[in-house]
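This is coords_27.pdb. It holds PDB, C-alpha atoms and all ligand atoms.
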```pdb
ATOM      1  CA  MET M   1      28.979 -20.131 -44.881
ATOM      2  CA  PRO M   2      27.117 -20.956 -48.136
ATOM      3  CA  LEU M   3      25.790 -24.484 -48.446
ATOM      4  CA  SER M   4      26.056 -26.485 -51.633
ATOM      5  CA  CYS M   5      22.872 -27.913 -53.000
ATOM      6  CA  ALA M   6      22.908 -30.699 -55.597
ATOM      7  CA  ILE M   7      20.180 -30.273 -58.213
ATOM      8  CA  VAL M   8      18.965 -33.756 -59.035
ATOM      9  CA  CYS M   9      16.898 -34.540 -62.136
ATOM     10  CA  GLY M  10      13.933 -36.908 -62.184
ATOM     11  CA  HIS M  11      16.149 -39.933 -62.817
ATOM     12  CA  GLY M  12      18.299 -39.264 -59.769
ATOM     13  CA  LEU M  13      21.247 -37.874 -61.749
ATOM     14  CA  THR M  14      22.971 -34.825 -60.311
ATOM     15  CA  VAL M  15      22.704 -32.131 -62.956
ATOM     16  CA  GLY M  16      24.251 -29.206 -61.139
ATOM     17  CA  VAL M  17      25.408 -27.783 -57.846
ATOM     18  CA  ILE M  18      24.449 -24.329 -56.560
ATOM     19  CA  ASP M  19      25.630 -22.446 -53.490
ATOM     20  CA  LEU M  20      22.878 -21.643 -51.042
ATOM     21  CA  LYS M  21      23.118 -18.903 -48.466
ATOM     22  CA  PRO M  22      22.031 -20.042 -45.001
ATOM     23  CA  LEU M  23      18.640 -18.981 -43.669
ATOM     24  CA  LYS M  24      19.319 -16.363 -40.975
ATOM     25  CA  LYS M  25      16.428 -13.905 -41.106
ATOM     26  CA  ALA M  26      12.748 -14.230 -40.329
ATOM     27  CA  ILE M  27       9.987 -11.662 -40.832
ATOM     28  CA  PHE M  28       6.981 -11.673 -38.502
ATOM     29  CA  PRO M  29       4.112  -9.573 -39.881
ATOM     30  CA  VAL M  30       2.267  -8.574 -36.687
ATOM     31  CA  ALA M  31       0.510  -5.344 -37.570
ATOM     32  CA  GLY M  32      -3.042  -6.765 -37.799
ATOM     33  CA  LEU M  33      -5.767  -5.332 -35.562
ATOM     34  CA  GLY M  34      -7.090  -8.644 -34.226
ATOM     35  CA  THR M  35     -10.714  -7.531 -34.458
ATOM     36  CA  ARG M  36     -11.945 -11.126 -33.991
ATOM     37  CA  PHE M  37     -10.687 -11.033 -30.417
ATOM     38  CA  LEU M  38     -12.235  -7.733 -29.356
ATOM     39  CA  PRO M  39     -12.616  -6.535 -26.672
ATOM     40  CA  ALA M  40      -9.416  -8.308 -25.478
ATOM     41  CA  THR M  41      -7.413  -6.830 -28.353
ATOM     42  CA  LYS M  42      -8.555  -3.275 -27.621
ATOM     43  CA  SER M  43      -5.410  -2.829 -25.518
ATOM     44  CA  ILE M  44      -3.455  -6.095 -26.041
ATOM     45  CA  PRO M  45      -2.004  -7.100 -29.433
ATOM     46  CA  LYS M  46      -3.579 -10.396 -30.541
ATOM     47  CA  GLU M  47      -0.091 -11.903 -30.800
ATOM     48  CA  MET M  48       0.309 -11.301 -27.042
ATOM     49  CA  LEU M  49      -2.727 -13.398 -26.087
ATOM     50  CA  THR M  50      -1.400 -16.413 -24.225
ATOM     51  CA  ILE M  51      -1.354 -20.074 -25.065
ATOM     52  CA  VAL M  52      -0.988 -21.552 -21.559
ATOM     53  CA  ASP M  53       1.815 -19.338 -20.202
ATOM     54  CA  ARG M  54       3.426 -17.731 -23.251
ATOM     55  CA  PRO M  55       2.141 -15.318 -25.857
ATOM     56  CA  ILE M  56       1.336 -16.688 -29.314
ATOM     57  CA  ILE M  57       4.258 -14.735 -30.819
ATOM     58  CA  HIS M  58       6.736 -16.496 -28.503
ATOM     59  CA  TYR M  59       5.966 -19.880 -30.118
ATOM     60  CA  ALA M  60       6.588 -18.455 -33.610
ATOM     61  CA  VAL M  61       9.881 -16.898 -32.516
ATOM     62  CA  GLU M  62      11.051 -20.155 -30.924
ATOM     63  CA  GLU M  63      10.291 -22.002 -34.154
ATOM     64  CA  ALA M  64      12.367 -19.520 -36.191
ATOM     65  CA  ILE M  65      15.296 -19.654 -33.746
ATOM     66  CA  GLU M  66      15.165 -23.466 -33.802
ATOM     67  CA  ALA M  67      15.509 -23.277 -37.604
ATOM     68  CA  GLY M  68      18.687 -21.200 -37.202
ATOM     69  CA  CYS M  69      17.332 -17.655 -37.654
ATOM     70  CA  GLU M  70      19.417 -15.042 -35.855
ATOM     71  CA  VAL M  71      17.769 -11.863 -37.106
ATOM     72  CA  LEU M  72      14.096 -11.465 -36.241
ATOM     73  CA  ILE M  73      12.211  -8.658 -37.966
ATOM     74  CA  PHE M  74       8.831  -7.735 -36.536
ATOM     75  CA  VAL M  75       6.572  -5.636 -38.729
ATOM     76  CA  VAL M  76       4.401  -3.872 -36.174
ATOM     77  CA  GLY M  77       1.572  -1.377 -36.176
ATOM     78  CA  ARG M  78       0.922   1.527 -33.832
ATOM     79  CA  SER M  79      -0.780  -0.489 -31.092
ATOM     80  CA  LYS M  80       1.903  -3.170 -30.774
ATOM     81  CA  GLN M  81       4.261  -1.705 -28.172
ATOM     82  CA  ALA M  82       3.673  -4.722 -25.897
ATOM     83  CA  ILE M  83       5.437  -6.932 -28.489
ATOM     84  CA  VAL M  84       8.475  -4.625 -28.546
ATOM     85  CA  ASP M  85       8.592  -4.654 -24.720
ATOM     86  CA  TYR M  86       8.214  -8.442 -24.545
ATOM     87  CA  PHE M  87      11.395  -9.023 -26.545
ATOM     88  CA  ASP M  88      13.341  -6.292 -24.726
ATOM     89  CA  ALA M  89      15.074  -6.578 -21.340
ATOM     90  CA  ASN M  90      13.106  -5.534 -18.253
ATOM     91  CA  PRO M  91      15.768  -4.334 -15.764
ATOM     92  CA  GLU M  92      13.279  -3.393 -13.002
ATOM     93  CA  LEU M  93      11.604  -6.816 -13.061
ATOM     94  CA  GLU M  94      14.979  -8.582 -13.237
ATOM     95  CA  ALA M  95      16.333  -6.582 -10.266
ATOM     96  CA  GLU M  96      13.218  -7.405  -8.265
ATOM     97  CA  LEU M  97      13.437 -11.123  -9.033
ATOM     98  CA  GLU M  98      17.140 -11.149  -8.267
ATOM     99  CA  ALA M  99      16.591  -9.414  -4.907
ATOM    100  CA  LYS M 100      13.957 -12.015  -4.002
ATOM    101  CA  ASN M 101      16.222 -14.849  -5.205
ATOM    102  CA  LYS M 102      13.590 -16.075  -7.669
ATOM    103  CA  VAL M 103      16.181 -17.818  -9.821
ATOM    104  CA  GLU M 104      13.814 -19.837 -12.000
ATOM    105  CA  ALA M 105      11.601 -16.866 -12.833
ATOM    106  CA  LEU M 106      14.686 -14.768 -13.591
ATOM    107  CA  GLU M 107      15.952 -17.380 -16.047
ATOM    108  CA  ILE M 108      12.591 -17.435 -17.827
ATOM    109  CA  VAL M 109      12.536 -13.643 -18.178
ATOM    110  CA  ARG M 110      16.146 -13.420 -19.354
ATOM    111  CA  ASN M 111      16.075 -16.252 -21.862
ATOM    112  CA  ILE M 112      13.167 -15.271 -24.077
ATOM    113  CA  ILE M 113      15.673 -14.257 -26.765
ATOM    114  CA  PRO M 114      19.099 -15.986 -26.728
ATOM    115  CA  PRO M 115      22.123 -13.643 -26.799
ATOM    116  CA  HIS M 116      23.104 -14.492 -30.406
ATOM    117  CA  VAL M 117      19.687 -13.419 -31.757
ATOM    118  CA  LYS M 118      18.862  -9.808 -32.655
ATOM    119  CA  CYS M 119      15.402  -8.267 -32.939
ATOM    120  CA  PHE M 120      14.428  -5.437 -35.286
ATOM    121  CA  PHE M 121      11.106  -3.645 -35.374
ATOM    122  CA  VAL M 122       9.745  -1.826 -38.401
ATOM    123  CA  ARG M 123       6.439  -0.002 -38.589
ATOM    124  CA  GLN M 124       3.763  -0.653 -41.161
ATOM    125  CA  ALA M 125       2.029   2.708 -41.233
ATOM    126  CA  LYS M 126      -1.144   1.483 -42.945
ATOM    127  CA  PRO M 127      -2.736  -1.988 -42.981
ATOM    128  CA  LEU M 128      -2.283  -2.515 -46.719
ATOM    129  CA  GLY M 129      -1.945  -6.314 -46.626
ATOM    130  CA  LEU M 130       0.512  -9.133 -45.947
ATOM    131  CA  GLY M 131       2.576  -8.395 -49.068
ATOM    132  CA  HIS M 132       2.943  -4.768 -48.016
ATOM    133  CA  ALA M 133       3.966  -5.825 -44.475
ATOM    134  CA  VAL M 134       6.710  -8.077 -45.866
ATOM    135  CA  LEU M 135       7.875  -5.267 -48.160
ATOM    136  CA  CYS M 136       8.249  -2.987 -45.095
ATOM    137  CA  ALA M 137      11.092  -5.312 -43.980
ATOM    138  CA  ALA M 138      12.775  -5.470 -47.407
ATOM    139  CA  ASP M 139      15.644  -3.103 -46.570
ATOM    140  CA  LEU M 140      16.804  -5.478 -43.845
ATOM    141  CA  ILE M 141      17.128  -8.412 -46.263
ATOM    142  CA  GLY M 142      20.263  -8.796 -48.418
ATOM    143  CA  ASP M 143      20.186  -9.029 -52.223
ATOM    144  CA  ASP M 144      20.840 -12.741 -52.429
ATOM    145  CA  GLU M 145      19.842 -14.254 -49.099
ATOM    146  CA  PRO M 146      16.796 -16.402 -48.375
ATOM    147  CA  PHE M 147      14.430 -15.266 -45.633
ATOM    148  CA  ALA M 148      11.522 -16.761 -43.753
ATOM    149  CA  VAL M 149       8.075 -15.274 -43.280
ATOM    150  CA  VAL M 150       6.284 -16.595 -40.205
ATOM    151  CA  LEU M 151       2.633 -15.790 -39.465
ATOM    152  CA  PRO M 152       2.195 -16.306 -35.708
ATOM    153  CA  ASP M 153      -1.579 -16.921 -36.020
ATOM    154  CA  ASP M 154      -0.733 -20.311 -37.484
ATOM    155  CA  LEU M 155       0.644 -22.079 -34.444
ATOM    156  CA  ILE M 156       2.247 -25.397 -35.374
ATOM    157  CA  ASP M 157       3.311 -28.159 -33.018
ATOM    158  CA  GLY M 158       5.890 -30.085 -35.016
ATOM    159  CA  TYR M 159       5.695 -32.957 -32.502
ATOM    160  CA  ASN M 160       8.971 -34.832 -32.386
ATOM    161  CA  VAL M 161      10.057 -34.121 -35.947
ATOM    162  CA  GLY M 162      11.011 -30.490 -35.268
ATOM    163  CA  GLY M 163       9.294 -27.220 -36.086
ATOM    164  CA  ALA M 164       7.618 -26.661 -39.439
ATOM    165  CA  LEU M 165      10.267 -24.102 -40.424
ATOM    166  CA  SER M 166      13.131 -26.543 -39.679
ATOM    167  CA  GLN M 167      11.386 -29.148 -41.806
ATOM    168  CA  MET M 168      11.012 -26.605 -44.631
ATOM    169  CA  LEU M 169      14.648 -25.598 -44.324
ATOM    170  CA  GLU M 170      15.678 -29.190 -45.027
ATOM    171  CA  VAL M 171      13.532 -29.127 -48.167
ATOM    172  CA  HIS M 172      15.076 -25.786 -49.193
ATOM    173  CA  GLN M 173      18.574 -27.186 -48.724
ATOM    174  CA  ASP M 174      17.707 -30.378 -50.644
ATOM    175  CA  THR M 175      16.040 -28.643 -53.589
ATOM    176  CA  GLY M 176      17.526 -25.132 -53.634
ATOM    177  CA  LYS M 177      13.986 -23.806 -54.090
ATOM    178  CA  ALA M 178      11.700 -21.443 -52.205
ATOM    179  CA  VAL M 179       9.393 -23.445 -49.926
ATOM    180  CA  LEU M 180       5.804 -22.839 -48.791
ATOM    181  CA  ALA M 181       4.173 -24.818 -45.976
ATOM    182  CA  ILE M 182       1.005 -26.434 -47.281
ATOM    183  CA  GLU M 183      -1.902 -28.331 -45.818
ATOM    184  CA  LYS M 184      -4.998 -29.911 -47.313
ATOM    185  CA  VAL M 185      -8.164 -28.126 -46.149
ATOM    186  CA  PRO M 186     -11.829 -28.848 -46.913
ATOM    187  CA  MET M 187     -12.932 -27.292 -50.230
ATOM    188  CA  SER M 188     -15.409 -25.170 -48.224
ATOM    189  CA  GLN M 189     -12.444 -23.358 -46.596
ATOM    190  CA  VAL M 190     -10.166 -22.636 -49.570
ATOM    191  CA  HIS M 191     -11.540 -19.077 -49.828
ATOM    192  CA  GLN M 192      -9.633 -18.259 -46.615
ATOM    193  CA  TYR M 193      -6.201 -19.230 -47.963
ATOM    194  CA  GLY M 194      -3.606 -18.969 -50.681
ATOM    195  CA  VAL M 195      -4.118 -22.146 -52.729
ATOM    196  CA  ILE M 196      -1.611 -23.930 -54.966
ATOM    197  CA  ARG M 197      -1.804 -26.150 -58.046
ATOM    198  CA  PRO M 198       0.732 -28.940 -57.582
ATOM    199  CA  LEU M 199       2.421 -30.455 -60.637
ATOM    200  CA  ASP M 200       1.994 -33.859 -59.015
ATOM    201  CA  ALA M 201       0.242 -34.056 -55.620
ATOM    202  CA  LYS M 202       1.751 -37.490 -54.999
ATOM    203  CA  HIS M 203       5.331 -36.270 -55.307
ATOM    204  CA  PHE M 204       6.697 -34.587 -52.165
ATOM    205  CA  PRO M 205       7.785 -31.816 -52.005
ATOM    206  CA  MET M 206       5.227 -30.639 -54.544
ATOM    207  CA  GLN M 207       6.341 -28.471 -57.404
ATOM    208  CA  ILE M 208       3.971 -25.500 -57.577
ATOM    209  CA  THR M 209       2.638 -24.493 -60.994
ATOM    210  CA  GLU M 210      -0.002 -21.961 -59.905
ATOM    211  CA  ILE M 211      -0.971 -20.069 -56.750
ATOM    212  CA  VAL M 212      -4.115 -18.032 -56.110
ATOM    213  CA  GLU M 213      -5.099 -15.923 -53.098
ATOM    214  CA  LYS M 214      -8.445 -16.755 -51.501
ATOM    215  CA  PRO M 215     -10.177 -18.330 -54.523
ATOM    216  CA  LYS M 216     -13.827 -19.362 -54.540
ATOM    217  CA  ALA M 217     -14.177 -23.139 -54.150
ATOM    218  CA  GLU M 218     -15.262 -23.481 -57.794
ATOM    219  CA  ASP M 219     -12.170 -21.608 -59.039
ATOM    220  CA  ALA M 220      -9.599 -23.178 -56.687
ATOM    221  CA  PRO M 221      -6.740 -25.036 -58.393
ATOM    222  CA  SER M 222      -6.795 -27.678 -55.592
ATOM    223  CA  ASN M 223      -7.455 -27.786 -51.860
ATOM    224  CA  TRP M 224      -3.755 -27.656 -50.943
ATOM    225  CA  SER M 225      -3.590 -24.410 -48.985
ATOM    226  CA  VAL M 226      -0.644 -22.328 -47.902
ATOM    227  CA  VAL M 227      -0.296 -21.946 -44.150
ATOM    228  CA  GLY M 228       1.743 -19.217 -42.516
ATOM    229  CA  ARG M 229       5.322 -20.352 -43.159
ATOM    230  CA  TYR M 230       7.405 -19.349 -46.166
ATOM    231  CA  ILE M 231      11.087 -19.602 -47.125
ATOM    232  CA  LEU M 232      11.512 -17.064 -49.910
ATOM    233  CA  THR M 233      14.205 -15.420 -51.996
ATOM    234  CA  PRO M 234      14.585 -11.649 -52.591
ATOM    235  CA  ASP M 235      12.975 -11.942 -56.057
ATOM    236  CA  VAL M 236       9.665 -11.925 -54.211
ATOM    237  CA  LEU M 237      10.577  -8.592 -52.600
ATOM    238  CA  GLU M 238      11.356  -7.164 -56.039
ATOM    239  CA  ALA M 239       7.976  -8.374 -57.282
ATOM    240  CA  LEU M 240       6.254  -6.838 -54.243
ATOM    241  CA  LYS M 241       7.645  -3.393 -55.080
ATOM    242  CA  THR M 242       5.284  -3.142 -58.049
ATOM    243  CA  GLN M 243       2.524  -5.399 -56.764
ATOM    244  CA  GLU M 244      -0.963  -3.957 -57.038
ATOM    245  CA  ALA M 245      -3.787  -4.643 -54.612
ATOM    246  CA  GLY M 246      -5.492  -8.007 -55.077
ATOM    247  CA  ALA M 247      -7.958 -10.024 -52.974
ATOM    248  CA  GLY M 248      -9.690  -7.886 -50.332
ATOM    249  CA  GLY M 249      -8.140  -4.743 -51.837
ATOM    250  CA  GLU M 250      -4.819  -5.636 -50.153
ATOM    251  CA  ILE M 251      -1.282  -6.109 -51.494
ATOM    252  CA  GLN M 252      -0.968  -9.881 -51.342
ATOM    253  CA  LEU M 253       2.224 -11.895 -50.820
ATOM    254  CA  THR M 254       0.584 -14.691 -52.815
ATOM    255  CA  ASP M 255       0.311 -12.464 -55.915
ATOM    256  CA  ALA M 256       4.022 -11.590 -55.788
ATOM    257  CA  ILE M 257       4.866 -15.291 -55.437
ATOM    258  CA  ALA M 258       2.621 -15.995 -58.445
ATOM    259  CA  LYS M 259       4.624 -13.471 -60.492
ATOM    260  CA  CYS M 260       7.877 -15.243 -59.583
ATOM    261  CA  LEU M 261       6.616 -18.770 -60.319
ATOM    262  CA  PRO M 262       7.813 -18.914 -63.952
ATOM    263  CA  SER M 263      11.394 -17.873 -63.116
ATOM    264  CA  GLU M 264      11.844 -19.214 -59.579
ATOM    265  CA  GLY M 265      11.117 -22.761 -58.511
ATOM    266  CA  PHE M 266       8.655 -22.967 -55.623
ATOM    267  CA  VAL M 267       7.809 -26.159 -53.797
ATOM    268  CA  GLY M 268       5.073 -26.926 -51.278
ATOM    269  CA  HIS M 269       5.963 -28.907 -48.178
ATOM    270  CA  PRO M 270       3.128 -30.715 -46.369
ATOM    271  CA  PHE M 271       4.764 -30.351 -42.952
ATOM    272  CA  GLN M 272       4.391 -32.930 -40.213
ATOM    273  CA  GLY M 273       2.649 -31.630 -37.116
ATOM    274  CA  LYS M 274      -0.589 -30.123 -35.930
ATOM    275  CA  ARG M 275      -1.625 -26.607 -36.885
ATOM    276  CA  PHE M 276      -3.896 -24.418 -34.799
ATOM    277  CA  ASP M 277      -5.450 -21.357 -36.426
ATOM    278  CA  CYS M 278      -5.124 -18.945 -33.517
ATOM    279  CA  GLY M 279      -6.648 -16.202 -35.666
ATOM    280  CA  ASN M 280     -10.040 -17.524 -34.561
ATOM    281  CA  LYS M 281     -11.434 -18.303 -31.121
ATOM    282  CA  LYS M 282     -11.924 -22.036 -31.696
ATOM    283  CA  GLY M 283      -8.352 -22.613 -32.877
ATOM    284  CA  PHE M 284      -7.024 -20.444 -30.048
ATOM    285  CA  LEU M 285      -8.937 -22.462 -27.460
ATOM    286  CA  GLU M 286      -7.868 -25.783 -28.997
ATOM    287  CA  ALA M 287      -4.224 -24.660 -28.939
ATOM    288  CA  ASN M 288      -4.540 -23.777 -25.250
ATOM    289  CA  ILE M 289      -5.944 -27.205 -24.440
ATOM    290  CA  HIS M 290      -3.372 -28.998 -26.624
ATOM    291  CA  PHE M 291      -0.327 -27.206 -25.193
ATOM    292  CA  GLY M 292      -1.771 -27.306 -21.673
ATOM    293  CA  LEU M 293      -2.153 -31.091 -21.843
ATOM    294  CA  LYS M 294       1.305 -31.339 -23.400
ATOM    295  CA  GLN M 295       2.762 -29.546 -20.387
ATOM    296  CA  GLY M 296       1.019 -32.138 -18.238
ATOM    297  CA  LEU M 297      -1.271 -29.624 -16.569
ATOM    298  CA  THR M 298      -3.791 -31.341 -14.333
ATOM    299  CA  GLU M 299      -5.768 -30.256 -11.309
ATOM    300  CA  SER M 300      -2.903 -31.245  -9.037
ATOM    301  CA  HIS M 301      -0.623 -28.784 -10.824
ATOM    302  CA  GLU M 302      -0.721 -25.040 -10.308
TER
HETATM  303  C1  LIG S 401      -2.608 -15.162 -45.188
HETATM  304  C2  LIG S 401      -2.172 -15.345 -46.644
HETATM  305  C3  LIG S 401      -2.779 -16.616 -47.207
HETATM  306  C4  LIG S 401      -2.392 -17.806 -46.336
HETATM  307  C5  LIG S 401      -2.833 -17.539 -44.887
HETATM  308  C6  LIG S 401      -2.324 -18.637 -43.971
HETATM  309  O1  LIG S 401      -3.992 -14.902 -45.176
HETATM  310  O2  LIG S 401      -2.557 -14.224 -47.391
HETATM  311  O3  LIG S 401      -2.300 -16.826 -48.514
HETATM  312  O4  LIG S 401      -2.995 -18.973 -46.838
HETATM  313  O5  LIG S 401      -2.302 -16.302 -44.407
HETATM  314  O6  LIG S 401      -2.806 -18.479 -42.674
HETATM  315  P1  LIG S 401      -4.726 -14.250 -43.888
HETATM  316  O7  LIG S 401      -4.959 -15.375 -42.929
HETATM  317  O8  LIG S 401      -3.802 -13.217 -43.340
HETATM  318  O9  LIG S 401      -5.999 -13.693 -44.414
END
```
For this file, produce the structure as structure tokens.
Amino acid sequence: MPLSCAIVCGHGLTVGVIDLKPLKKAIFPVAGLGTRFLPATKSIPKEMLTIVDRPIIHYAVEEAIEAGCEVLIFVVGRSKQAIVDYFDANPELEAELEAKNKVEALEIVRNIIPPHVKCFFVRQAKPLGLGHAVLCAADLIGDDEPFAVVLPDDLIDGYNVGGALSQMLEVHQDTGKAVLAIEKVPMSQVHQYGVIRPLDAKHFPMQITEIVEKPKAEDAPSNWSVVGRYILTPDVLEALKTQEAGAGGEIQLTDAIAKCLPSEGFVGHPFQGKRFDCGNKKGFLEANIHFGLKQGLTESHE
């Protein structure tokens, strides 16, 4: 059912009402090689490395399902079969657990994906960049529906306020605009991120007036960086169809968003919660400690 969104001007007056389609689909670009984690990633996709007892990708999927997504689209590469298997049923394992009356373990294995959620897998034949990966999923997105892009490397614990994507969905429903998760990073790190120029950094959510992929510190429009959560509209997919290679010689999602900025409103949401960059060893280790302590793991536990 479409939601109505009141467009409110700066003085608090309602100036219009638009119908918003609900957010039902999420794209997970998971085709990357994970070279930073070699040799582990020689035979295991980096998204399958575990944080305590679940693979990194499981946390991202849970966050999308919590936000109401029912169609999960994984953009995989050739070496990612383990991800496909993880989200599929495993009848042999289930039969074995059932025979041994391991009820708790059986529940865990069966409930990774709830029955109302469907998974789709599309292949990205060549690693041509994040924008290209998202474009690989374009045919599964309708002409006028919003969709989420979730990068599992950015693992976010939304504490008690809910997942980052749920928080962003609220902003999308309040403003009717596409929403990017943003976080302030040290100027020395902006070259690793998409970076925005906010119209007014004191006004949340921030209206975005410019976005640049991996700028040098001296060229960066601010140090508000995009982290791996997006709620986008299909205009971005249209822009991606003609997007040329940008930073690092790759087709960048950021560049397609930049093209849409003048016509589409984009806002940045500084989510509440703690982000772990599991794309590097330090962040991965910190996430393991954080989620381990959160589960109350001590020496007396298994
Ligand atoms: C990607 C995006 C970048 C974003 C980052 C967040 O970069 O291209 O704009 O800031 O994710 O993690 P990557 O980390 O894939 O190089």
Practice task
Give the answer as one residue: which of M:Ala82, M:Ile251, M:Leu169, M:Leu130 has the shortest atom-to-atom distance to Pro146 in chain M, using only C-alpha atoms?
Solution key: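 The closest residue to Pro146 in chain M is M:Leu169.
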Exercise for the section: Have a look at CA of Asp143 in chain M and CA of Thr233 in chain M and let me know their distance in Å, one decimal. Expected result: 8.8 Å
Problem - atom O6 of ligand LIG 401 (chain S) to CA of Asp154 in chain M, distance in Å rounded to a single decimal - result: 5.9 Å
Exercise for the section: Run the PyMOL selection byres (((not hetatm)) within 10 of (chain S and resi 401)) against the file shown and list the residues it catches, as a count of residues only. Expected result: 45
Practice task
Pull out every residue that the PyMOL selection byres (((chain M and resi 36) around 12) and not hetatm) matches in the shown coordinates and put them as a ChimeraX atom specification.
Solution key: /M:32-35,37-42,45-46,278-282,284
Problem - Expansion of the PyMOL selection byres (((chain M and resi 107-118) around 9) and not hetatm) into residues, as a list in words - result: His58, Val61, Glu62, Ile65, Cys69, Glu70, Val71, Leu72, Ile73, Tyr86, Phe87, Asp88, Ala89, Asn90, Leu93, Glu94, Lys102, Val103, Glu104, Ala105, Leu106, Cys119 and Phe120 of chain M
Just write the chosen residues, C-alpha atoms, as a PDB file, keeping the file's coordinate frame.
```pdb
ATOM      1  CA  HIS M  58       6.736 -16.496 -28.503  1.00  0.00           C
ATOM      2  CA  VAL M  61       9.881 -16.898 -32.516  1.00  0.00           C
ATOM      3  CA  GLU M  62      11.051 -20.155 -30.924  1.00  0.00           C
ATOM      4  CA  ILE M  65      15.296 -19.654 -33.746  1.00  0.00           C
ATOM      5  CA  CYS M  69      17.332 -17.655 -37.654  1.00  0.00           C
ATOM      6  CA  GLU M  70      19.417 -15.042 -35.855  1.00  0.00           C
ATOM      7  CA  VAL M  71      17.769 -11.863 -37.106  1.00  0.00           C
ATOM      8  CA  LEU M  72      14.096 -11.465 -36.241  1.00  0.00           C
ATOM      9  CA  ILE M  73      12.211  -8.658 -37.966  1.00  0.00           C
ATOM     10  CA  TYR M  86       8.214  -8.442 -24.545  1.00  0.00           C
ATOM     11  CA  PHE M  87      11.395  -9.023 -26.545  1.00  0.00           C
ATOM     12  CA  ASP M  88      13.341  -6.292 -24.726  1.00  0.00           C
ATOM     13  CA  ALA M  89      15.074  -6.578 -21.340  1.00  0.00           C
ATOM     14  CA  ASN M  90      13.106  -5.534 -18.253  1.00  0.00           C
ATOM     15  CA  LEU M  93      11.604  -6.816 -13.061  1.00  0.00           C
ATOM     16  CA  GLU M  94      14.979  -8.582 -13.237  1.00  0.00           C
ATOM     17  CA  LYS M 102      13.590 -16.075  -7.669  1.00  0.00           C
ATOM     18  CA  VAL M 103      16.181 -17.818  -9.821  1.00  0.00           C
ATOM     19  CA  GLU M 104      13.814 -19.837 -12.000  1.00  0.00           C
ATOM     20  CA  ALA M 105      11.601 -16.866 -12.833  1.00  0.00           C
ATOM     21  CA  LEU M 106      14.686 -14.768 -13.591  1.00  0.00           C
ATOM     22  CA  CYS M 119      15.402  -8.267 -32.939  1.00  0.00           C
ATOM     23  CA  PHE M 120      14.428  -5.437 -35.286  1.00  0.00           C
TER      24      PHE M 120
END
```
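When only C-alpha atoms are used to measure the gap to Asp157 in chain M, the shortest distance among M:Glu92, M:Glu218, M:Glu145, M:Glu63 belongs to M:Glu63.
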Handout entry: Atom pair CA of Thr242 in chain M / CA of Lys259 in chain M: separation (Å)
Key =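 Separation of CA of Thr242 in chain M and CA of Lys259 in chain M: 10.6 Å.
Using only C-alpha atoms, the nearest neighbour of Gly292 in chain M within the list M:Thr50, M:Asn101, M:Thr209, M:Gln189 is M:Thr50.
Taking only C-alpha atoms, the non-local environment of Ile51 in chain M within 9 Å (same-chain residues fewer than 6 positions away omitted) comprises Tyr59, Phe284, Leu285, Ala287, Asn288, Ile289, Phe291 and Gly292 of chain M.
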I need the residues from that last selection saved to file as a PDB file, in the frame of the given file (with C-alpha atoms), if you can.
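After the write, part-v8.pdb holds the following:
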```
ATOM      1  CA  TYR M  59       5.966 -19.880 -30.118  1.00  0.00           C
ATOM      2  CA  PHE M 284      -7.024 -20.444 -30.048  1.00  0.00           C
ATOM      3  CA  LEU M 285      -8.937 -22.462 -27.460  1.00  0.00           C
ATOM      4  CA  ALA M 287      -4.224 -24.660 -28.939  1.00  0.00           C
ATOM      5  CA  ASN M 288      -4.540 -23.777 -25.250  1.00  0.00           C
ATOM      6  CA  ILE M 289      -5.944 -27.205 -24.440  1.00  0.00           C
ATOM      7  CA  PHE M 291      -0.327 -27.206 -25.193  1.00  0.00           C
ATOM      8  CA  GLY M 292      -1.771 -27.306 -21.673  1.00  0.00           C
TER       9      GLY M 292
END
```
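Residue nearest His269 in chain M within the list M:Val179, M:Ala256, M:Ala133, M:Ile231: M:Val179 [criterion: smallest interatomic distance, all atoms listed in the file].
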Handout entry: Residues within 12 Å of range 199-207 of chain M, all atoms listed in the file, excluding chain neighbours under 2 positions, as a PyMOL selection string
Key = chain M and resi 10+167-168+170-172+174-184+196-197+209-211+221-224+261-262+264-271
Practice task
Please check which residues have atoms at most 9 Å from (7.4, -4.3, -31.4) in the file's coordinates, counting all atoms listed in the file, and write them as a count of residues only.
Solution key: 17
Handout entry: Closest of M:Gly68, M:Gly162, M:Gly283, M:Gly246 to Ala148 in chain M - atom-to-atom distances counting all atoms listed in the file
Key =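 The shortest atom-to-atom distance to Ala148 in chain M comes from M:Gly68.
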Handout entry: Nearest to Leu128 in chain M, chosen from M:Pro215, M:Glu244, M:Ala95, M:Val236, with all atoms listed in the file counted in the distances
Key =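 Closest candidate: M:Glu244.
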Exercise for the section: Please provide as a list in words all residues within 8 Å of Leu237 in chain M, with the sequence filter that same-chain residues fewer than 5 positions apart are discarded (counting all atoms listed in the file). Expected result: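 Residues meeting the cut-off are Val134, Leu135, Ala138 and Ala256 of chain M.
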